[in-house]
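As stored in query_20.pdb (PDB, C-alpha atoms):
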ATOM      1  CA  MET A 122      26.875  19.850 -52.604
ATOM      2  CA  HIS A 123      25.014  22.820 -51.159
ATOM      3  CA  ILE A 124      23.991  23.053 -47.522
ATOM      4  CA  LEU A 125      21.485  25.717 -46.552
ATOM      5  CA  PRO A 126      20.455  25.220 -42.928
ATOM      6  CA  LEU A 127      16.994  26.397 -41.966
ATOM      7  CA  PHE A 128      17.486  28.740 -39.055
ATOM      8  CA  LEU A 129      14.229  30.283 -37.829
ATOM      9  CA  LYS A 130      14.573  28.884 -34.291
ATOM     10  CA  GLU A 131      16.971  30.030 -31.615
ATOM     11  CA  ASP A 132      18.145  26.479 -30.965
ATOM     12  CA  ASN A 133      19.489  26.330 -34.534
ATOM     13  CA  SER A 134      21.980  29.156 -33.973
ATOM     14  CA  GLN A 135      24.767  26.567 -33.792
ATOM     15  CA  PHE A 136      24.400  26.196 -37.565
ATOM     16  CA  TYR A 137      24.844  29.889 -38.415
ATOM     17  CA  GLU A 138      28.533  29.275 -39.002
ATOM     18  CA  CYS A 139      30.071  26.380 -40.889
ATOM     19  CA  PRO A 140      30.257  23.398 -38.484
ATOM     20  CA  SER A 141      33.759  22.525 -37.334
ATOM     21  CA  ASP A 142      32.936  18.827 -37.909
ATOM     22  CA  PHE A 143      33.987  19.272 -41.535
ATOM     23  CA  PHE A 144      37.559  19.983 -40.460
ATOM     24  CA  TYR A 145      38.166  16.709 -38.590
ATOM     25  CA  SER A 146      38.748  13.351 -40.238
ATOM     26  CA  ASP A 147      36.780  11.472 -37.596
ATOM     27  CA  ARG A 148      33.786  13.840 -37.608
ATOM     28  CA  HIS A 149      32.961  14.901 -41.182
ATOM     29  CA  THR A 150      31.123  11.643 -41.846
ATOM     30  CA  ILE A 151      28.005  13.099 -40.232
ATOM     31  CA  PHE A 152      27.707  15.037 -43.501
ATOM     32  CA  THR A 153      29.441  12.683 -45.934
ATOM     33  CA  ARG A 154      28.546   9.095 -45.043
ATOM     34  CA  ASP A 155      25.786   8.862 -47.677
ATOM     35  CA  PHE A 156      27.665  10.510 -50.532
ATOM     36  CA  GLU A 157      27.584   7.305 -52.571
ATOM     37  CA  SER A 158      23.792   7.205 -52.471
ATOM     38  CA  ILE A 159      23.684  10.611 -54.187
ATOM     39  CA  HIS A 160      26.543   9.742 -56.547
ATOM     40  CA  MET A 161      29.075  12.089 -54.958
ATOM     41  CA  VAL A 162      32.725  11.199 -54.631
ATOM     42  CA  LEU A 163      34.331  12.344 -51.404
ATOM     43  CA  THR A 164      37.778  12.896 -52.920
ATOM     44  CA  THR A 165      36.461  15.424 -55.448
ATOM     45  CA  ALA A 166      33.701  16.920 -53.303
ATOM     46  CA  THR A 167      33.105  20.636 -52.996
ATOM     47  CA  ILE A 168      30.607  21.839 -50.423
ATOM     48  CA  TYR A 169      29.028  25.272 -50.274
ATOM     49  CA  TYR A 170      27.827  26.087 -46.774
ATOM     50  CA  TYR A 171      25.381  28.985 -46.580
ATOM     51  CA  GLY A 172      25.734  30.480 -43.127
ATOM     52  CA  ILE A 173      25.582  33.755 -41.250
ATOM     53  CA  ASP A 174      28.449  35.599 -39.559
ATOM     54  CA  THR A 175      27.400  35.645 -35.901
ATOM     55  CA  LYS A 176      29.119  38.970 -35.181
ATOM     56  CA  THR A 177      27.844  41.046 -38.103
ATOM     57  CA  TYR A 178      24.757  39.065 -39.137
ATOM     58  CA  GLU A 179      25.990  39.170 -42.711
ATOM     59  CA  PRO A 180      25.408  36.253 -45.094
ATOM     60  CA  LYS A 181      28.493  34.088 -45.442
ATOM     61  CA  VAL A 182      28.996  31.417 -48.106
ATOM     62  CA  THR A 183      31.882  29.102 -47.265
ATOM     63  CA  MET A 184      33.341  26.870 -49.957
ATOM     64  CA  LEU A 185      34.894  23.671 -48.641
ATOM     65  CA  SER A 186      37.137  21.279 -50.546
ATOM     66  CA  TYR A 187      38.270  17.845 -49.479
ATOM     67  CA  SER A 188      41.911  17.065 -48.699
ATOM     68  CA  GLN A 189      42.810  13.426 -49.279
ATOM     69  CA  ALA A 190      46.084  13.868 -47.401
ATOM     70  CA  ASP A 191      44.332  15.098 -44.250
ATOM     71  CA  ASP A 192      41.052  13.184 -44.744
ATOM     72  CA  CYS A 193      39.005  16.257 -43.960
ATOM     73  CA  PHE A 194      37.665  19.420 -45.531
ATOM     74  CA  TYR A 195      39.323  22.814 -45.583
ATOM     75  CA  ILE A 196      38.056  26.288 -46.421
ATOM     76  CA  ASP A 197      38.810  26.906 -50.068
ATOM     77  CA  ASN A 198      39.299  30.613 -50.716
ATOM     78  CA  GLY A 199      39.303  30.145 -54.486
ATOM     79  CA  ILE A 200      36.730  31.586 -56.837
ATOM     80  CA  GLN A 201      33.218  30.702 -55.694
ATOM     81  CA  ASP A 202      31.469  30.274 -59.001
ATOM     82  CA  GLY A 203      29.183  27.389 -58.087
ATOM     83  CA  HIS A 204      26.940  28.849 -55.430
ATOM     84  CA  ILE A 205      23.201  29.047 -55.991
ATOM     85  CA  LYS A 206      21.722  32.543 -56.231
ATOM     86  CA  ALA A 207      18.334  31.459 -54.853
ATOM     87  CA  PHE A 208      20.068  30.063 -51.733
ATOM     88  CA  GLU A 209      21.965  33.334 -51.331
ATOM     89  CA  LYS A 210      18.698  35.249 -51.561
ATOM     90  CA  GLU A 211      17.125  33.154 -48.787
ATOM     91  CA  LEU A 212      20.277  33.487 -46.698
ATOM     92  CA  THR A 213      20.199  37.272 -47.093
ATOM     93  CA  LYS A 214      16.565  37.378 -45.940
ATOM     94  CA  GLU A 215      17.365  35.270 -42.879
ATOM     95  CA  ALA A 216      20.411  37.403 -42.045
ATOM     96  CA  LEU A 217      18.337  40.601 -42.258
ATOM     97  CA  TYR A 218      15.668  39.054 -40.034
ATOM     98  CA  LEU A 219      18.238  38.024 -37.426
ATOM     99  CA  LYS A 220      19.995  41.394 -37.567
ATOM    100  CA  HIS A 221      16.695  43.246 -37.142
ATOM    101  CA  ASN A 222      15.749  41.104 -34.125
ATOM    102  CA  ALA A 223      19.223  41.467 -32.573
ATOM    103  CA  LEU A 224      18.960  45.266 -32.702
ATOM    104  CA  GLN A 225      15.617  45.375 -30.880
TER     105      GLN A 225
END
In structure tokens, what does this structure look like?
Amino acid sequence: MHILPLFLKEDNSQFYECPSDFFYSDRHTIFTRDFESIHMVLTTATIYYYGIDTKTYEPKVTMLSYSQADDCFYIDNGIQDGHIKAFEKELTKEALYLKHNALQ
């Protein structure tokens, strides 16, 4: 699954970085409760979160994998070969826009 938040508004800055809800067993369902309807299996799920580092305004793609033992996601630092180039391109544009506005 790929999550590319639409930023554009200041009130969406909470989504620049990967939400901590993924890392808690009782909170990740906000993102995962409808997995069955899109034929995803939680236990084998990989999520790519396209965010922005809030300190450097650099694009940041975070790969998350699900841990059955902990019933939550963790940051998977393995090879990220499944991200979508078009999403990265949009993320880069948004990061440049935010960086430009932060410097003014």
* Might you pull out every residue within 8 Å of A:Ala216, with only C-alpha atoms counted and same-chain residues fewer than 2 positions away left off, and present them as a list in words? =>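 The contact residues come out as Ile173, Tyr178, Glu179, Pro180, Leu212, Thr213, Lys214, Tyr218, Leu219 and Lys220 of chain A.
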* Asked: Quick one: which residues end up in the PyMOL selection byres ((chain A and resi 203) around 10) for this structure, as a VMD selection string?
  -> chain A and resid 122 to 123 167 to 169 184 200 to 202 204 to 206
* A:Asp197, A:Asp147, A:Val182, A:Asp142: which is nearest A:Ala166, counting all atoms listed in the file? -> A:Asp197
* Selection as a VMD selection string: residues within 8 Å of (21.9, 30.5, -41.9), counting all atoms listed in the file -> chain A and resid 125 to 128 136 to 138 171 to 173 180 212 215 to 216
* Asked: In Å, how far is it from atom CA of A:Ala223 to atom CA of A:Asp174?
  -> 13.0 Å
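Taking atom CA of A:Phe194 and atom CA of A:Tyr145 as endpoints, the distance between them is 7.5 Å.
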* Asked: Counting only C-alpha atoms, which of A:Thr164, A:Phe156, A:Asn222, A:Lys176 gets nearest to A:Cys193?
  ->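 Selected residue with least distance to A:Cys193: A:Thr164.
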* Quick one: pull the distance between atom CA of A:Lys181 and atom CA of A:Phe208, Å, one decimal. =>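 About the pair atom CA of A:Lys181 and atom CA of A:Phe208: they are 11.3 Å apart.
Among the candidates A:Tyr187, A:Ile196, A:Lys210, A:Ile124, the one nearest to A:His149 when counting only C-alpha atoms is A:Tyr187.
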* Asked: For A:Gln189, which residue among A:Thr153, A:Gln135, A:Ser141, A:Ser146 is the nearest when counting only C-alpha atoms?
  ->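 Nearest to A:Gln189: A:Ser146.
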Taking all atoms of stretch 200-208 of chain A that the file lists, what box with edges along x, y and z, padded by 4 Å per side, do you get, with centre and edge lengths in Å to one decimal, as AutoDock Vina command-line options?
--center_x 27.5 --center_y 30.0 --center_z -55.4 --size_x 26.4 --size_y 13.2 --size_z 15.3
